[in-house]
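Student: Provided herewith: model33.cif, mmCIF, C-alpha atoms and all ligand atoms.
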data_coords
loop_
_atom_site.label_atom_id
_atom_site.label_comp_id
_atom_site.auth_asym_id
_atom_site.auth_seq_id
_atom_site.Cartn_x
_atom_site.Cartn_y
_atom_site.Cartn_z
CA VAL A 993 -26.00 -5.74 -7.03
CA THR A 994 -26.36 -7.35 -3.62
CA VAL A 995 -23.30 -9.33 -2.60
CA GLY A 996 -22.04 -11.33 0.34
CA ALA A 997 -19.13 -9.83 2.24
CA GLY A 998 -16.82 -12.65 1.16
CA ALA A 999 -17.33 -12.08 -2.56
CA VAL A 1000 -14.01 -11.35 -4.26
CA LEU A 1001 -13.84 -8.15 -6.34
CA GLU A 1002 -12.79 -9.90 -9.55
CA GLY A 1003 -15.77 -12.26 -9.28
CA VAL A 1004 -18.14 -9.31 -8.79
CA HIS A 1005 -16.60 -7.60 -11.84
CA ARG A 1006 -17.25 -10.75 -13.91
CA HIS A 1007 -20.78 -11.19 -12.54
CA VAL A 1008 -22.00 -7.68 -13.40
CA GLU A 1009 -20.13 -7.51 -16.73
CA ALA A 1010 -22.73 -9.88 -18.14
CA ALA A 1011 -25.32 -7.09 -17.68
CA GLY A 1012 -23.11 -4.42 -19.30
CA LEU A 1013 -22.40 -2.90 -15.90
CA GLU A 1014 -19.40 -2.31 -13.65
CA LEU A 1015 -18.58 -1.81 -10.03
CA ALA A 1016 -16.63 1.46 -10.25
CA VAL A 1017 -13.94 0.57 -7.68
CA ASP A 1018 -10.94 -1.31 -8.99
CA LEU A 1019 -7.51 -2.03 -7.53
CA ALA A 1020 -4.50 -4.20 -8.19
CA ALA A 1021 -5.52 -6.74 -5.50
CA ARG A 1022 -8.80 -7.48 -7.32
CA GLY A 1023 -8.08 -11.22 -7.30
CA THR A 1024 -8.10 -11.47 -3.48
CA ALA A 1025 -9.84 -8.35 -2.10
CA THR A 1026 -13.28 -9.12 -0.64
CA ILE A 1027 -16.22 -6.72 -0.70
CA GLY A 1028 -16.55 -6.85 3.09
CA GLY A 1029 -12.92 -5.87 3.51
CA MET A 1030 -13.21 -3.18 0.86
CA ILE A 1031 -16.14 -1.66 2.77
CA ALA A 1032 -14.45 -1.93 6.18
CA THR A 1033 -11.38 -0.19 4.75
CA ASN A 1034 -13.26 2.19 2.41
CA ALA A 1035 -10.99 0.97 -0.41
CA GLY A 1036 -9.89 3.52 -2.98
CA GLY A 1037 -7.94 2.24 -5.97
CA THR A 1038 -7.48 3.57 -9.46
CA ARG A 1039 -10.91 5.00 -10.39
CA VAL A 1040 -11.63 7.28 -7.39
CA LEU A 1041 -10.95 10.33 -9.55
CA ARG A 1042 -14.16 9.72 -11.47
CA HIS A 1043 -16.34 7.57 -9.23
CA GLY A 1044 -15.28 8.08 -5.62
CA SER A 1045 -14.08 5.42 -3.19
CA MET A 1046 -15.99 2.41 -1.87
CA ARG A 1047 -18.19 4.60 0.33
CA ALA A 1048 -19.63 6.24 -2.78
CA GLN A 1049 -20.69 2.84 -4.18
CA VAL A 1050 -22.35 1.45 -1.05
CA LEU A 1051 -26.12 1.99 -1.03
CA GLY A 1052 -26.72 -0.19 1.99
CA VAL A 1053 -25.20 -2.83 4.22
CA GLU A 1054 -26.17 -5.69 6.46
CA ALA A 1055 -23.88 -5.93 9.48
CA VAL A 1056 -23.60 -7.45 12.93
CA LEU A 1057 -22.78 -4.86 15.58
CA GLY A 1058 -20.69 -5.45 18.68
CA ASP A 1059 -23.75 -6.22 20.84
CA GLY A 1060 -24.89 -8.93 18.42
CA SER A 1061 -27.71 -6.92 16.89
CA ILE A 1062 -28.12 -7.16 13.13
CA VAL A 1063 -28.68 -3.99 11.10
CA SER A 1064 -29.82 -4.44 7.52
CA HIS A 1065 -30.75 -1.79 4.97
CA LEU A 1066 -30.40 -3.26 1.50
CA GLY A 1067 -33.24 -1.55 -0.38
CA GLY A 1068 -30.81 0.13 -2.77
CA LEU A 1069 -32.67 3.43 -3.03
CA LEU A 1070 -30.63 6.34 -4.35
CA LYS A 1071 -32.48 8.88 -2.18
CA ASP A 1072 -33.14 7.83 1.38
CA ASN A 1073 -32.89 10.45 4.12
CA THR A 1074 -34.30 8.39 6.95
CA GLY A 1075 -31.75 9.04 9.64
CA TYR A 1076 -28.10 8.20 10.19
CA ASP A 1077 -26.05 6.71 7.36
CA LEU A 1078 -24.93 3.52 9.09
CA ALA A 1079 -23.54 2.14 5.84
CA GLY A 1080 -21.38 5.21 5.37
CA LEU A 1081 -20.21 4.94 8.97
CA LEU A 1082 -19.21 1.30 8.52
CA CYS A 1083 -17.15 2.27 5.44
CA GLY A 1084 -13.62 2.81 6.72
CA SER A 1085 -14.51 1.68 10.26
CA GLU A 1086 -11.73 -0.98 10.10
CA GLY A 1087 -13.82 -3.61 11.84
CA THR A 1088 -14.28 -1.48 14.97
CA LEU A 1089 -18.06 -0.94 14.76
CA GLY A 1090 -19.53 -4.04 13.14
CA ILE A 1091 -18.92 -6.98 10.89
CA VAL A 1092 -20.28 -6.37 7.40
CA THR A 1093 -22.09 -9.47 6.10
CA ARG A 1094 -23.80 -8.20 2.90
CA ALA A 1095 -23.92 -5.04 0.83
CA ARG A 1096 -25.98 -3.39 -1.88
CA LEU A 1097 -23.63 -1.71 -4.35
CA ARG A 1098 -24.21 0.90 -7.01
CA LEU A 1099 -23.12 -0.01 -10.54
CA VAL A 1100 -22.20 2.13 -13.52
CA PRO A 1101 -22.55 1.39 -17.24
CA SER A 1102 -19.50 -0.28 -18.73
CA LEU A 1103 -17.93 2.04 -21.30
CA PRO A 1104 -16.50 -0.12 -24.07
CA GLU A 1105 -14.04 2.24 -25.77
CA ARG A 1106 -10.82 2.84 -23.87
CA VAL A 1107 -7.42 4.36 -24.29
CA VAL A 1108 -4.41 4.10 -22.03
CA VAL A 1109 -1.55 6.57 -22.49
CA LEU A 1110 1.74 6.68 -20.61
CA VAL A 1111 3.22 10.19 -20.67
CA GLY A 1112 6.90 10.64 -19.81
CA THR A 1113 8.01 13.96 -18.34
CA ALA A 1114 11.20 15.56 -17.03
CA ASP A 1115 9.78 16.31 -13.58
CA LEU A 1116 6.72 16.01 -11.36
CA ASP A 1117 5.54 19.57 -12.06
CA ALA A 1118 5.30 18.73 -15.75
CA ALA A 1119 3.38 15.52 -14.97
CA ILE A 1120 0.96 17.52 -12.81
CA ALA A 1121 0.48 20.06 -15.63
CA CYS A 1122 -0.34 17.16 -17.98
CA PHE A 1123 -2.79 15.67 -15.49
CA VAL A 1124 -4.56 19.02 -15.01
CA ALA A 1125 -4.80 19.47 -18.79
CA ALA A 1126 -6.28 15.97 -19.17
CA ARG A 1127 -8.68 16.45 -16.26
CA ASP A 1128 -9.94 19.79 -17.55
CA GLY A 1129 -10.01 18.91 -21.24
CA ALA A 1130 -11.08 15.25 -21.28
CA PRO A 1131 -14.33 14.46 -19.43
CA SER A 1132 -13.68 10.80 -20.28
CA LEU A 1133 -10.65 10.73 -17.93
CA GLU A 1134 -10.97 7.71 -15.64
CA ALA A 1135 -7.55 7.30 -14.05
CA ALA A 1136 -4.38 9.36 -13.56
CA GLU A 1137 -1.55 7.48 -11.88
CA VAL A 1138 2.08 8.42 -11.38
CA VAL A 1139 5.31 6.42 -11.21
CA PHE A 1140 8.97 7.40 -11.26
CA ALA A 1141 12.04 6.12 -13.09
CA ASP A 1142 13.48 4.24 -10.08
CA GLY A 1143 10.20 2.38 -9.56
CA ILE A 1144 9.82 1.60 -13.26
CA ASP A 1145 13.38 0.19 -13.33
CA LEU A 1146 12.57 -1.98 -10.32
CA VAL A 1147 9.35 -3.29 -11.90
CA CYS A 1148 11.15 -3.99 -15.20
CA ALA A 1149 13.93 -5.91 -13.40
CA HIS A 1150 11.42 -7.82 -11.24
CA LEU A 1151 9.10 -8.86 -14.08
CA GLY A 1152 11.61 -8.91 -16.94
CA LEU A 1153 9.73 -6.18 -18.84
CA ALA A 1154 11.18 -3.88 -21.48
CA ALA A 1155 11.39 -0.18 -20.58
CA PRO A 1156 8.22 1.73 -21.56
CA PHE A 1157 9.96 4.53 -23.48
CA PRO A 1158 12.85 4.50 -26.00
CA ALA A 1159 14.72 7.06 -23.82
CA PRO A 1160 14.32 7.00 -20.00
CA GLN A 1161 11.90 9.55 -18.51
CA PRO A 1162 12.20 10.69 -14.85
CA VAL A 1163 8.41 10.66 -14.31
CA ALA A 1164 5.60 8.71 -16.00
CA LEU A 1165 1.93 9.66 -15.85
CA LEU A 1166 -0.53 6.93 -16.77
CA LEU A 1167 -3.83 8.22 -18.10
CA GLU A 1168 -6.87 6.12 -18.96
CA CYS A 1169 -10.03 7.41 -20.64
CA ARG A 1170 -13.24 5.51 -21.28
CA GLY A 1171 -16.26 6.36 -23.40
CA ARG A 1172 -19.02 5.06 -25.65
CA THR A 1173 -16.90 6.22 -28.59
CA ASP A 1174 -13.11 6.10 -28.85
CA PRO A 1175 -11.75 8.74 -26.40
CA THR A 1176 -8.22 8.79 -27.90
CA ALA A 1177 -8.65 12.03 -29.86
CA GLU A 1178 -10.28 13.76 -26.88
CA LEU A 1179 -7.34 12.87 -24.64
CA LEU A 1180 -4.62 13.78 -27.15
CA ASP A 1181 -6.38 17.10 -27.90
CA ALA A 1182 -6.56 17.84 -24.17
CA LEU A 1183 -2.81 17.24 -23.88
CA SER A 1184 -1.84 19.37 -26.89
CA PRO A 1185 -1.56 22.67 -24.91
CA VAL A 1186 1.08 21.02 -22.68
CA ALA A 1187 2.93 19.25 -25.52
CA ASP A 1188 6.15 21.12 -24.66
CA ARG A 1189 6.12 19.52 -21.19
CA ILE A 1190 5.96 15.97 -22.60
CA GLY A 1191 9.19 14.04 -23.20
CA ALA A 1192 7.71 10.81 -24.58
CA THR A 1193 4.32 9.18 -25.07
CA ALA A 1194 3.27 5.54 -25.28
CA VAL A 1195 -0.29 5.09 -26.56
CA ALA A 1196 -1.85 1.64 -26.16
CA ASP A 1197 -3.27 0.55 -29.52
CA SER A 1198 -4.90 -2.57 -28.07
CA ALA A 1199 -6.44 -3.78 -24.84
CA ALA A 1200 -3.42 -6.06 -24.33
CA ARG A 1201 -1.00 -3.12 -24.69
CA GLY A 1202 -3.17 -1.14 -22.27
CA ARG A 1203 -2.80 -3.91 -19.68
CA GLU A 1204 0.97 -3.90 -20.28
CA LEU A 1205 1.17 -0.17 -19.60
CA TRP A 1206 -0.83 -0.67 -16.40
CA ARG A 1207 1.70 -3.33 -15.27
CA TYR A 1208 4.37 -0.65 -14.86
CA ARG A 1209 2.10 0.95 -12.25
CA GLU A 1210 0.28 -1.99 -10.67
CA ALA A 1211 3.38 -4.15 -10.13
CA HIS A 1212 5.06 -1.56 -7.89
CA THR A 1213 3.92 -3.17 -4.65
CA GLU A 1214 5.15 -6.65 -5.52
CA ALA A 1215 8.44 -5.35 -6.95
CA ILE A 1216 9.13 -3.29 -3.79
CA ASN A 1217 8.19 -6.22 -1.53
CA ALA A 1218 10.83 -8.30 -3.34
CA VAL A 1219 13.53 -5.83 -2.19
CA GLY A 1220 12.59 -6.02 1.51
CA ILE A 1221 9.75 -5.35 3.92
CA PRO A 1222 8.77 -1.72 3.28
CA HIS A 1223 7.52 0.92 5.65
CA LYS A 1224 4.37 1.87 3.80
CA LEU A 1225 3.10 5.40 4.19
CA ASP A 1226 -0.04 6.23 2.25
CA VAL A 1227 -0.66 9.93 2.14
CA THR A 1228 -2.70 12.62 0.41
CA LEU A 1229 -1.24 16.03 -0.40
CA PRO A 1230 -2.73 19.12 -1.96
CA LEU A 1231 -1.55 19.01 -5.60
CA ARG A 1232 0.33 22.30 -5.17
CA GLU A 1233 2.45 20.69 -2.39
CA MET A 1234 3.22 17.48 -4.25
CA ALA A 1235 6.45 18.38 -6.05
CA SER A 1236 8.11 19.98 -3.03
CA PHE A 1237 6.97 17.07 -0.83
CA ARG A 1238 8.74 14.68 -3.17
CA VAL A 1239 12.04 16.47 -2.59
CA ARG A 1240 11.54 16.97 1.14
CA VAL A 1241 10.46 13.39 1.84
CA ARG A 1242 13.68 12.02 0.34
CA ASP A 1243 15.77 14.39 2.44
CA ALA A 1244 13.75 13.57 5.56
CA VAL A 1245 14.15 9.81 5.08
CA ALA A 1246 17.87 10.19 4.34
CA SER A 1247 18.30 12.08 7.64
CA VAL A 1248 17.12 9.08 9.71
CA ALA A 1249 17.72 6.11 7.38
CA PRO A 1250 20.51 6.96 4.93
CA HIS A 1251 20.77 3.31 3.80
CA ALA A 1252 17.08 3.07 2.83
CA ARG A 1253 15.55 3.54 -0.60
CA THR A 1254 12.37 5.59 -0.96
CA TYR A 1255 9.96 4.66 -3.75
CA LEU A 1256 7.01 6.92 -4.52
CA PHE A 1257 4.05 6.04 -6.71
CA GLY A 1258 0.34 6.48 -6.62
CA HIS A 1259 -2.90 8.04 -7.64
CA LEU A 1260 -1.89 11.50 -8.83
CA GLY A 1261 -5.47 12.40 -9.70
CA ASP A 1262 -6.45 12.02 -6.03
CA GLY A 1263 -3.30 13.66 -4.66
CA ASN A 1264 -2.55 10.24 -3.15
CA ILE A 1265 1.09 9.17 -3.01
CA HIS A 1266 2.33 5.85 -1.66
CA VAL A 1267 5.66 6.38 0.09
CA ASN A 1268 7.50 3.08 0.46
CA VAL A 1269 10.75 3.12 2.45
CA VAL A 1270 12.68 -0.11 2.13
CA ALA A 1271 16.10 -1.49 2.96
CA PRO A 1272 17.48 -4.67 1.40
CA ARG A 1273 16.73 -7.74 3.56
CA ARG A 1274 20.33 -8.45 4.52
CA GLY A 1275 21.07 -4.87 5.64
CA ALA A 1276 20.00 -2.94 8.71
CA ALA A 1277 16.23 -2.50 9.08
CA VAL A 1278 14.51 0.81 8.43
CA PRO A 1279 14.00 2.46 11.86
CA ASP A 1280 10.38 3.09 12.90
CA VAL A 1281 11.14 6.77 13.40
CA VAL A 1282 10.85 7.10 9.61
CA ASP A 1283 7.05 6.90 9.86
CA GLY A 1284 6.74 9.91 12.14
CA VAL A 1285 9.24 11.95 10.13
CA VAL A 1286 7.27 11.41 6.91
CA LEU A 1287 3.81 11.82 8.44
CA GLU A 1288 4.77 15.06 10.19
CA LEU A 1289 5.90 16.48 6.84
CA VAL A 1290 2.54 15.48 5.37
CA ALA A 1291 0.53 17.03 8.19
CA ALA A 1292 2.53 20.28 7.95
CA ALA A 1293 1.73 20.43 4.21
CA GLY A 1294 -2.01 20.15 4.86
CA GLY A 1295 -2.22 16.51 3.77
CA SER A 1296 -3.76 13.32 5.18
CA ILE A 1297 -1.68 10.67 6.95
CA SER A 1298 -3.82 7.92 5.42
CA ALA A 1299 -5.43 8.22 2.01
CA GLU A 1300 -6.56 4.62 1.45
CA HIS A 1301 -4.86 2.15 3.73
CA GLY A 1302 -6.40 3.27 7.01
CA ILE A 1303 -4.97 3.69 10.49
CA GLY A 1304 -4.85 0.10 11.77
CA THR A 1305 -2.25 -0.44 14.47
CA ALA A 1306 0.75 0.94 12.59
CA LYS A 1307 -0.56 4.51 12.29
CA ARG A 1308 -2.69 4.91 15.41
CA SER A 1309 -0.04 6.78 17.35
CA TYR A 1310 -0.11 9.37 14.55
CA LEU A 1311 -3.90 9.86 14.43
CA ARG A 1312 -3.54 13.09 16.41
CA LEU A 1313 -1.59 14.58 13.50
CA ALA A 1314 -4.79 14.30 11.46
CA ARG A 1315 -7.71 14.49 13.89
CA SER A 1316 -8.48 16.85 16.77
CA ASP A 1317 -9.10 15.74 20.35
CA ALA A 1318 -12.79 16.58 19.89
CA GLU A 1319 -13.00 14.38 16.79
CA ILE A 1320 -11.24 11.47 18.47
CA ALA A 1321 -13.55 11.82 21.49
CA ALA A 1322 -16.56 11.68 19.15
CA PHE A 1323 -15.07 8.57 17.49
CA ARG A 1324 -14.81 6.93 20.93
CA ARG A 1325 -18.46 7.67 21.72
CA VAL A 1326 -19.57 6.15 18.39
CA LYS A 1327 -17.42 3.10 19.11
CA ALA A 1328 -18.95 2.73 22.60
CA ALA A 1329 -22.49 2.99 21.17
CA MET A 1330 -22.04 0.33 18.49
CA ASP A 1331 -19.62 -1.97 20.31
CA PRO A 1332 -20.38 -1.45 24.03
CA SER A 1333 -18.11 -4.28 25.23
CA GLY A 1334 -15.22 -3.20 23.01
CA ILE A 1335 -14.82 -6.65 21.43
CA LEU A 1336 -14.51 -5.64 17.77
CA ASN A 1337 -10.93 -5.13 16.57
CA PRO A 1338 -10.05 -3.48 19.89
CA ASN A 1339 -6.45 -2.57 19.08
CA VAL A 1340 -6.87 -0.53 15.92
CA LEU A 1341 -7.55 3.07 15.07
CA PHE A 1342 -7.56 4.74 18.50
CA PRO A 1343 -4.38 6.17 20.00
CA GLN A 1344 -3.42 4.29 23.17
C1 LIG B 1 -1.72 0.67 -4.77
C2 LIG B 1 -1.91 0.20 -3.38
C3 LIG B 1 -0.62 0.04 -2.67
O1 LIG B 1 -2.19 1.74 -5.10
O2 LIG B 1 -2.78 1.04 -2.67
O3 LIG B 1 -1.06 -0.03 -5.55
ZN ZN B 2 -3.23 2.84 -3.77
#
So that I can check it, write out the structure of this file as structure tokens.
Ligand code: LAC
Ligand code: ZN

Tutor:
Amino acid sequence: VTVGAGAVLEGVHRHVEAAGLELAVDLAARGTATIGGMIATNAGGTRVLRHGSMRAQVLGVEAVLGDGSIVSHLGGLLKDNTGYDLAGLLCGSEGTLGIVTRARLRLVPSLPERVVVLVGTADLDAAIACFVAARDGAPSLEAAEVVFADGIDLVCAHLGLAAPFPAPQPVALLLECRGRTDPTAELLDALSPVADRIGATAVADSAARGRELWRYREAHTEAINAVGIPHKLDVTLPLREMASFRVRVRDAVASVAPHARTYLFGHLGDGNIHVNVVAPRRGAAVPDVVDGVVLELVAAAGGSISAEHGIGTAKRSYLRLARSDAEIAAFRRVKAAMDPSGILNPNVLFPQ
């Protein structure tokens, strides 16, 4: 599909649905996120595990570079080794190299049969074991998201929802599978070797129930924003580091902001955890030093200081935790080549 940069994701989903196809990137902000913004930020979302992020969907872009020249390559060919991948370079460029005006996007067949399962576990290690079992045993796995009891309680209080399980579970893993035939048996079979790690299971028996189970995950951002303005850290960790990071990040935050609450949630299948540190609006603010404390832990564990949300202005002083001097110097030369006057989003990405 070829779309204008201002097209909203939900509208694109509806447009291609009529042809039995899907754009394979989806995220909770689908009602407002534009394709141009999703390319500039290389948006991730909930289906990266199977389909990759926005960059993997973009077959070509039309964009205006900083010198006013227009580059356009919208042929949509799958194989095209004719020089530099300007489209790939613009993905995640945060508006620093060009302004995307149109894009040619890859689509995938819509798989009609779906199952959504929420698996409750006693700890994060058990949730990871369940995810690995589902990933290895169920090729139909499309999403693997994680939330924790404190976040679920917050979402339930914010939206007036009932708790997802009859007895509270410390961790909840949301799994979605899609196929041409019903993938429920495949997923449940894949989970059977780890049955002793599972404390409770909620299986959606209808599309409406599936959407309800997703609400526990997707409403985290709005529920946290209702508490106060969060410090949002968006990090990737190697799966083997995830459980110990969860413990260490709480301790690290408590050492500099004992009054703050730390909510974790995210895309377990991608090793991507959203760390939200928030203090109630009437209390003392969360000190900025929290960001560095968390991001240094991440870098020491071999993770990334930005999985999806980019560097922007808030994280640019931490870019050196993730990128070498030689890499940042190469970034600057690319920036100078495509935006020689430095007029495009000049204050983002690069350390001052
Ligand atoms: C999410 C956003 C915060 O995953 O990236 O809900
Ligand atoms: Zn996310």

Student: Tell me, as a PDB file with C-alpha atoms, in the frame of the given file, which residues lie within 10 Å of Thr1026 (chain A), counting all atoms listed in the file; anything in the same chain fewer than 6 positions away does not count.

Tutor:
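Below you can see selection_9.pdb, which holds the result:
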ATOM      1  CA  GLY A 996     -22.040 -11.330   0.340  1.00  0.00           C
ATOM      2  CA  ALA A 997     -19.130  -9.830   2.240  1.00  0.00           C
ATOM      3  CA  GLY A 998     -16.820 -12.650   1.160  1.00  0.00           C
ATOM      4  CA  ALA A 999     -17.330 -12.080  -2.560  1.00  0.00           C
ATOM      5  CA  VAL A1000     -14.010 -11.350  -4.260  1.00  0.00           C
ATOM      6  CA  LEU A1001     -13.840  -8.150  -6.340  1.00  0.00           C
ATOM      7  CA  GLU A1002     -12.790  -9.900  -9.550  1.00  0.00           C
ATOM      8  CA  GLY A1003     -15.770 -12.260  -9.280  1.00  0.00           C
ATOM      9  CA  VAL A1004     -18.140  -9.310  -8.790  1.00  0.00           C
ATOM     10  CA  ALA A1032     -14.450  -1.930   6.180  1.00  0.00           C
TER      11      ALA A1032
END

Student: So, with only C-alpha atoms and all ligand atoms as the atoms that count, which of A:Glu1300, A:Asp1077, A:Glu1086, A:Asp1145 lies closest to ligand ZN 2 (chain B)?

Tutor: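 Closest residue, counting only C-alpha atoms and all ligand atoms: A:Glu1300.
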
Student: Can you tell me how far CA of Gly1202 (chain A) sits from CA of Gly1171 (chain A), in Å to one decimal?

Tutor: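 Going from CA of Gly1202 (chain A) over to CA of Gly1171 (chain A), I get 15.1 Å.
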
Student: May I ask for the distance between CA of Phe1123 (chain A) and CA of His1266 (chain A), given in Å to one decimal place?

Tutor: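 Separating CA of Phe1123 (chain A) from CA of His1266 (chain A) is a distance of 17.7 Å.
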
Student: Skipping near chain neighbours, those fewer than 3 positions away, what residues fall within 10 Å of Ala1215 (chain A) using only C-alpha atoms, listed as a short mmCIF file (atom, residue, chain, number, x, y, z; two decimals) with C-alpha atoms, in the coordinates of the input?

Tutor:
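Saved the output as selection-v1.cif:
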data_model
loop_
_atom_site.label_atom_id
_atom_site.label_comp_id
_atom_site.auth_asym_id
_atom_site.auth_seq_id
_atom_site.Cartn_x
_atom_site.Cartn_y
_atom_site.Cartn_z
CA GLY A 1143 10.20 2.38 -9.56
CA ILE A 1144 9.82 1.60 -13.26
CA ASP A 1145 13.38 0.19 -13.33
CA LEU A 1146 12.57 -1.98 -10.32
CA VAL A 1147 9.35 -3.29 -11.90
CA CYS A 1148 11.15 -3.99 -15.20
CA ALA A 1149 13.93 -5.91 -13.40
CA HIS A 1150 11.42 -7.82 -11.24
CA LEU A 1151 9.10 -8.86 -14.08
CA GLU A 1210 0.28 -1.99 -10.67
CA ALA A 1211 3.38 -4.15 -10.13
CA HIS A 1212 5.06 -1.56 -7.89
CA ALA A 1218 10.83 -8.30 -3.34
CA VAL A 1219 13.53 -5.83 -2.19
CA GLY A 1220 12.59 -6.02 1.51
#

Student: Restrict the calculation to all atoms listed in the file, then for each residue of chain A with any atom at most 8 Å from an atom of ligand ZN 2 (chain B) give the closest atom pair and their distance in Å to one decimal, rows by chain and rising residue number, as a tab-separated table.

Tutor:
residue	atom	partner	partner_atom	distance
A:Leu1019	CA	B:ZN2	ZN	7.5
A:Gly1036	CA	B:ZN2	ZN	6.7
A:Gly1037	CA	B:ZN2	ZN	5.2
A:Thr1038	CA	B:ZN2	ZN	7.1
A:Asp1226	CA	B:ZN2	ZN	7.6
A:Gly1258	CA	B:ZN2	ZN	5.8
A:His1259	CA	B:ZN2	ZN	6.5
A:Asn1264	CA	B:ZN2	ZN	7.5
A:Ile1265	CA	B:ZN2	ZN	7.7
A:His1266	CA	B:ZN2	ZN	6.7
A:Glu1300	CA	B:ZN2	ZN	6.4
A:His1301	CA	B:ZN2	ZN	7.7

Student: For ligand LIG 1 (chain B), which residue out of A:Lys1071, A:Arg1240, A:Arg1273, A:His1223 is the nearest one, using all atoms listed in the file?

Tutor: A:His1223

Student: May I have the centre and edge lengths, in Å to one decimal, of an axis-aligned box around the listed atoms of ligand LIG 1 (chain B) with 6 Å added to every side, as lines of an AutoDock Vina configuration file?

Tutor:
center_x = -1.7
center_y = 0.9
center_z = -4.1
size_x = 14.2
size_y = 13.8
size_z = 14.9

Student: Please provide as a count of residues only all residues within 10 Å of Ala1244 (chain A), with the sequence filter that same-chain residues fewer than 4 positions apart are discarded (counting only C-alpha atoms).

Tutor: 10

Student: Within 10 Å of (-14.7, -6.1, 13.3) (coordinates as in the file), grab all the protein and nucleic acid residues, counting all atoms listed in the file, and write them out as number ranges by chain.

Tutor: A: 1029, 1032, 1055-1058, 1082, 1085-1092, 1331, 1335-1338, 1340

Student: Of the candidates A:Arg1209, A:Arg1232, A:Arg1315, A:His1007, which shows the shortest atom-to-atom distance to Ser1296 (chain A), using all atoms listed in the file?

Tutor: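 Going through A:Arg1209, A:Arg1232, A:Arg1315, A:His1007 one by one, the smallest distance to Ser1296 (chain A) is for A:Arg1315.
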
Student: Which one is closest to ligand LIG 1 (chain B): A:Val1107, A:Leu1051, A:Val993, A:Ala1135? Count only C-alpha atoms and all ligand atoms.

Tutor: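 Counting only C-alpha atoms and all ligand atoms, the residue closest to ligand LIG 1 (chain B) is A:Ala1135.
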
Student: For the point (-23.7, -3.8, -6.5) in file coordinates, what residues are within 8 Å, counting all atoms listed in the file? Give the answer as a VMD selection string?

Tutor: chain A and resid 993 to 995 1015 1049 to 1050 1095 to 1099

Student: Go through A:Pro1162, A:Gly1334, A:Gly1068, A:Pro1101 and flag the residue nearest Asp1117 (chain A), using all atoms listed in the file for the distances.

Tutor: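 Counting all atoms listed in the file, the residue closest to Asp1117 (chain A) is A:Pro1162.
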
Student: Suppose you want the space between CA of Leu1116 (chain A) and CA of Asp1243 (chain A); what is it in Å?

Tutor: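 Computing the Euclidean distance for CA of Leu1116 (chain A) and CA of Asp1243 (chain A) yields 16.6 Å.
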
Student: Select, from A:Ala1011, A:Ala1125, A:Leu1167, A:Ala1177, the residue with the minimum atom-to-atom distance to Val1108 (chain A), counting all atoms listed in the file.

Tutor: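 Of all the options, A:Leu1167 lies closest to Val1108 (chain A).
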
Student: For Val1227 (chain A), work out the shell of residues within 12 Å, counting all atoms listed in the file and skipping chain neighbours fewer than 3 positions away, then give it as a JSON list (two decimals) with C-alpha atoms, in the frame of the given file.

Tutor:
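Everything below was put into result-v1.json:
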[["chain", "number", "residue", "atom", "x", "y", "z"],
["A", 1224, "LYS", "CA", 4.37, 1.87, 3.80],
["A", 1230, "PRO", "CA", -2.73, 19.12, -1.96],
["A", 1231, "LEU", "CA", -1.55, 19.01, -5.60],
["A", 1234, "MET", "CA", 3.22, 17.48, -4.25],
["A", 1237, "PHE", "CA", 6.97, 17.07, -0.83],
["A", 1238, "ARG", "CA", 8.74, 14.68, -3.17],
["A", 1241, "VAL", "CA", 10.46, 13.39, 1.84],
["A", 1256, "LEU", "CA", 7.01, 6.92, -4.52],
["A", 1257, "PHE", "CA", 4.05, 6.04, -6.71],
["A", 1258, "GLY", "CA", 0.34, 6.48, -6.62],
["A", 1259, "HIS", "CA", -2.90, 8.04, -7.64],
["A", 1260, "LEU", "CA", -1.89, 11.50, -8.83],
["A", 1262, "ASP", "CA", -6.45, 12.02, -6.03],
["A", 1263, "GLY", "CA", -3.30, 13.66, -4.66],
["A", 1264, "ASN", "CA", -2.55, 10.24, -3.15],
["A", 1265, "ILE", "CA", 1.09, 9.17, -3.01],
["A", 1266, "HIS", "CA", 2.33, 5.85, -1.66],
["A", 1267, "VAL", "CA", 5.66, 6.38, 0.09],
["A", 1268, "ASN", "CA", 7.50, 3.08, 0.46],
["A", 1283, "ASP", "CA", 7.05, 6.90, 9.86],
["A", 1286, "VAL", "CA", 7.27, 11.41, 6.91],
["A", 1287, "LEU", "CA", 3.81, 11.82, 8.44],
["A", 1288, "GLU", "CA", 4.77, 15.06, 10.19],
["A", 1289, "LEU", "CA", 5.90, 16.48, 6.84],
["A", 1290, "VAL", "CA", 2.54, 15.48, 5.37],
["A", 1291, "ALA", "CA", 0.53, 17.03, 8.19],
["A", 1293, "ALA", "CA", 1.73, 20.43, 4.21],
["A", 1294, "GLY", "CA", -2.01, 20.15, 4.86],
["A", 1295, "GLY", "CA", -2.22, 16.51, 3.77],
["A", 1296, "SER", "CA", -3.76, 13.32, 5.18],
["A", 1297, "ILE", "CA", -1.68, 10.67, 6.95],
["A", 1298, "SER", "CA", -3.82, 7.92, 5.42],
["A", 1299, "ALA", "CA", -5.43, 8.22, 2.01],
["A", 1300, "GLU", "CA", -6.56, 4.62, 1.45],
["A", 1301, "HIS", "CA", -4.86, 2.15, 3.73],
["A", 1302, "GLY", "CA", -6.40, 3.27, 7.01],
["A", 1303, "ILE", "CA", -4.97, 3.69, 10.49],
["A", 1307, "LYS", "CA", -0.56, 4.51, 12.29],
["A", 1314, "ALA", "CA", -4.79, 14.30, 11.46]]

Student: Skip Leu1078 (chain A) itself and residues of its chain fewer than 3 positions away, then list as number ranges by chain all residues within 10 Å of it, counting all atoms listed in the file.

Tutor: A: 1052-1055, 1063-1065, 1075, 1081-1083, 1089
